[in-house]
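Report on the structure given below.
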Amino acid sequence: MAERKIPAPEPNPETKQFWDNCAAGKFTVGKCNDTGKLYWYPRALSPFTLSDNTELVEVSGKGTIYTYSVMRRSPEMYCIAYVTLDEGTTMMTNIVDCDFDSIKVGQKVKLVFKPTDGGPPVPCFTPA
């Protein structure tokens, strides 16, 4: 089957720095400076305190599959998953570059950036 084409994200002023980081090969998540907790998806206000005392911090790009679903449809087949990063936050993402029949809950994964159709690359994961 053909590899799924990922549509280009549409950066806005709140997410521009995140997408610039992706284009530079850096994977960042939000950090609430009031609580020290990390969060996904990148945004200006903390989901814990609603404060704007936040920043983007670089993380390892390593994690574990929490749950997943393989979409088997022609002409594309793809896998959507929740991955819990080693740093603790969980994100929805794509699992790529592997045999989808071999994916398992609890499997270790690592970050890969995949190109998009005319925009910055997006963070995806592949088995570690």
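Quick note on naming: the chains in the structure tokens go A, B, ... in the order shown, residues restart at 1 in each chain, and ligands are numbered from 1 in order of appearance.
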Residues of segment 65-109 of chain A classed as strand (DSSP E) by DSSP on the backbone are to be reported as a list in words.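 Taking segment 65-109 of chain A and keeping strand (DSSP E) only, one gets Ile65, Tyr66, Thr67, Tyr68, Ser69, Val70, Met71, Arg72, Met77, Tyr78, Cys79, Ile80, Ala81, Tyr82, Val83, Thr84, Leu85, Thr90, Met91, Met92, Thr93, Asn94, Ile95, Lys108 and Val109 of chain A.
DSSP on the backbone gives helix (DSSP H, G or I) for these parts of chain A: Lys16, Gln17, Phe18, Trp19, Asp20, Asn21, Cys22, Ala23, Phe100, Asp101 and Ser102 of chain A.
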Write the residues of the preceding selection, restricted to all heavy atoms, as a short mmCIF file (atom, residue, chain, number, x, y, z; two decimals), in the first residue's frame.
data_model
loop_
_atom_site.label_atom_id
_atom_site.label_comp_id
_atom_site.auth_asym_id
_atom_site.auth_seq_id
_atom_site.Cartn_x
_atom_site.Cartn_y
_atom_site.Cartn_z
N LYS A 16 3.73 28.58 16.26
CA LYS A 16 4.81 28.81 15.30
C LYS A 16 6.16 28.32 15.82
O LYS A 16 6.90 27.65 15.10
CB LYS A 16 4.90 30.28 14.92
CG LYS A 16 6.00 30.56 13.89
CD LYS A 16 6.09 32.02 13.55
CE LYS A 16 7.13 32.33 12.51
NZ LYS A 16 8.37 31.60 12.54
N GLN A 17 6.49 28.62 17.09
CA GLN A 17 7.79 28.20 17.62
C GLN A 17 7.91 26.68 17.65
O GLN A 17 8.96 26.13 17.33
CB GLN A 17 8.02 28.77 19.02
CG GLN A 17 9.41 28.46 19.57
CD GLN A 17 10.53 29.01 18.70
OE1 GLN A 17 10.56 30.21 18.41
NE2 GLN A 17 11.44 28.16 18.27
N PHE A 18 6.83 25.98 17.99
CA PHE A 18 6.86 24.51 17.98
C PHE A 18 7.20 24.00 16.59
O PHE A 18 8.06 23.15 16.42
CB PHE A 18 5.53 23.94 18.44
CG PHE A 18 5.43 22.45 18.21
CD1 PHE A 18 6.07 21.57 19.06
CD2 PHE A 18 4.73 21.94 17.12
CE1 PHE A 18 6.02 20.20 18.84
CE2 PHE A 18 4.67 20.57 16.89
CZ PHE A 18 5.32 19.70 17.76
N TRP A 19 6.50 24.52 15.55
CA TRP A 19 6.74 24.05 14.18
C TRP A 19 8.12 24.45 13.69
O TRP A 19 8.76 23.70 12.96
CB TRP A 19 5.63 24.53 13.25
CG TRP A 19 4.34 23.87 13.59
CD1 TRP A 19 3.20 24.47 14.07
CD2 TRP A 19 4.03 22.47 13.53
NE1 TRP A 19 2.22 23.52 14.30
CE2 TRP A 19 2.71 22.30 13.98
CE3 TRP A 19 4.75 21.35 13.14
CZ2 TRP A 19 2.10 21.04 14.04
CZ3 TRP A 19 4.16 20.10 13.20
CH2 TRP A 19 2.84 19.96 13.65
N ASP A 20 8.61 25.63 14.10
CA ASP A 20 9.99 26.02 13.76
C ASP A 20 10.97 25.04 14.39
O ASP A 20 11.97 24.66 13.76
CB ASP A 20 10.28 27.45 14.23
CG ASP A 20 9.58 28.52 13.41
OD1 ASP A 20 9.02 28.20 12.33
OD2 ASP A 20 9.58 29.68 13.87
N ASN A 21 10.70 24.62 15.62
CA ASN A 21 11.56 23.64 16.28
C ASN A 21 11.56 22.32 15.50
O ASN A 21 12.62 21.71 15.31
CB ASN A 21 11.11 23.40 17.72
CG ASN A 21 11.35 24.59 18.62
OD1 ASN A 21 12.08 25.51 18.29
ND2 ASN A 21 10.71 24.58 19.78
N CYS A 22 10.38 21.87 15.07
CA CYS A 22 10.30 20.64 14.28
C CYS A 22 11.13 20.76 13.01
O CYS A 22 11.86 19.84 12.64
CB CYS A 22 8.84 20.32 13.93
SG CYS A 22 7.85 19.75 15.32
N ALA A 23 11.02 21.89 12.33
CA ALA A 23 11.78 22.11 11.09
C ALA A 23 13.28 22.06 11.36
O ALA A 23 14.06 21.67 10.49
CB ALA A 23 11.38 23.44 10.45
N PHE A 100 2.62 -2.99 10.70
CA PHE A 100 1.56 -2.64 11.64
C PHE A 100 1.03 -3.85 12.40
O PHE A 100 0.47 -3.70 13.49
CB PHE A 100 0.42 -1.92 10.93
CG PHE A 100 0.80 -0.56 10.39
CD1 PHE A 100 0.26 -0.10 9.22
CD2 PHE A 100 1.70 0.25 11.06
CE1 PHE A 100 0.59 1.16 8.72
CE2 PHE A 100 2.05 1.50 10.58
CZ PHE A 100 1.49 1.96 9.40
N ASP A 101 1.20 -5.05 11.86
CA ASP A 101 0.75 -6.25 12.57
C ASP A 101 1.65 -6.59 13.76
O ASP A 101 1.28 -7.42 14.60
CB ASP A 101 0.68 -7.44 11.61
CG ASP A 101 -0.43 -7.30 10.59
OD1 ASP A 101 -1.46 -6.67 10.92
OD2 ASP A 101 -0.28 -7.80 9.47
N SER A 102 2.83 -5.97 13.84
CA SER A 102 3.75 -6.27 14.94
C SER A 102 3.66 -5.26 16.09
O SER A 102 4.33 -5.43 17.10
CB SER A 102 5.18 -6.32 14.42
OG SER A 102 5.61 -5.03 14.03
#
So what do you get for atom CA of Pro115 of chain A versus atom CA of Leu38 of chain A, distance-wise? 25.4 Å
Here is a test: counting only C-alpha atoms, which residue of A:Pro42, A:Tyr66, A:Ile6, A:Asp97 is nearest to Tyr82 of chain A?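 Going through A:Pro42, A:Tyr66, A:Ile6, A:Asp97 one by one, the smallest distance to Tyr82 of chain A is for A:Tyr66.
Near Leu111 of chain A, within 8 Å and counting only C-alpha atoms, sit A:Gly61, A:Lys62, A:Pro123, A:Cys124, A:Phe125, A:Thr126, not including residues fewer than 5 positions from it in the same chain.
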So that I can see what lies close to Thr84 of chain A, please list as a list of chain:residue names the residues with an atom at most 7 Å from it, counting only C-alpha atoms and leaving out residues fewer than 3 positions away in the same chain. A:Gly63, A:Thr64, A:Ile65, A:Tyr66, A:Gly88, A:Thr89, A:Thr90, A:Met91
From the options A:Gln107, A:Ser69, A:Thr15, A:Thr116, which residue's atoms come nearest to Met92 of chain A, counting only C-alpha atoms? A:Ser69
One-decimal distance in Å that lies between atom CA of Phe48 of chain A and atom CA of Gly25 of chain A: 27.6 Å
Mind giving me the straight-line distance from atom CA of Thr49 of chain A to atom CA of Cys32 of chain A in Å, one decimal?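 Atom-to-atom, atom CA of Thr49 of chain A to atom CA of Cys32 of chain A, that is 8.0 Å.
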Shortest contact to Lys37 of chain A, candidates A:Ala81, A:Tyr68, A:Val59, A:Glu87, atoms counted only C-alpha atoms, goes to A:Glu87
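The residue that comes closest to Lys26 of chain A, out of A:Ala44, A:Met77, A:Val57, A:Val83 and on the basis of only C-alpha atoms, is A:Val57.
Distances here use only C-alpha atoms; by that measure, the residue among A:Phe27, A:Asn12, A:Arg73, A:Asn94 closest to Arg43 of chain A is A:Asn12.
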When you count only C-alpha atoms, which of these residues is closest to Gly119 of chain A: A:Glu10, A:Tyr78, A:Lys5, A:Met71?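 Once distances to Gly119 of chain A are computed over only C-alpha atoms, the minimum belongs to A:Glu10.
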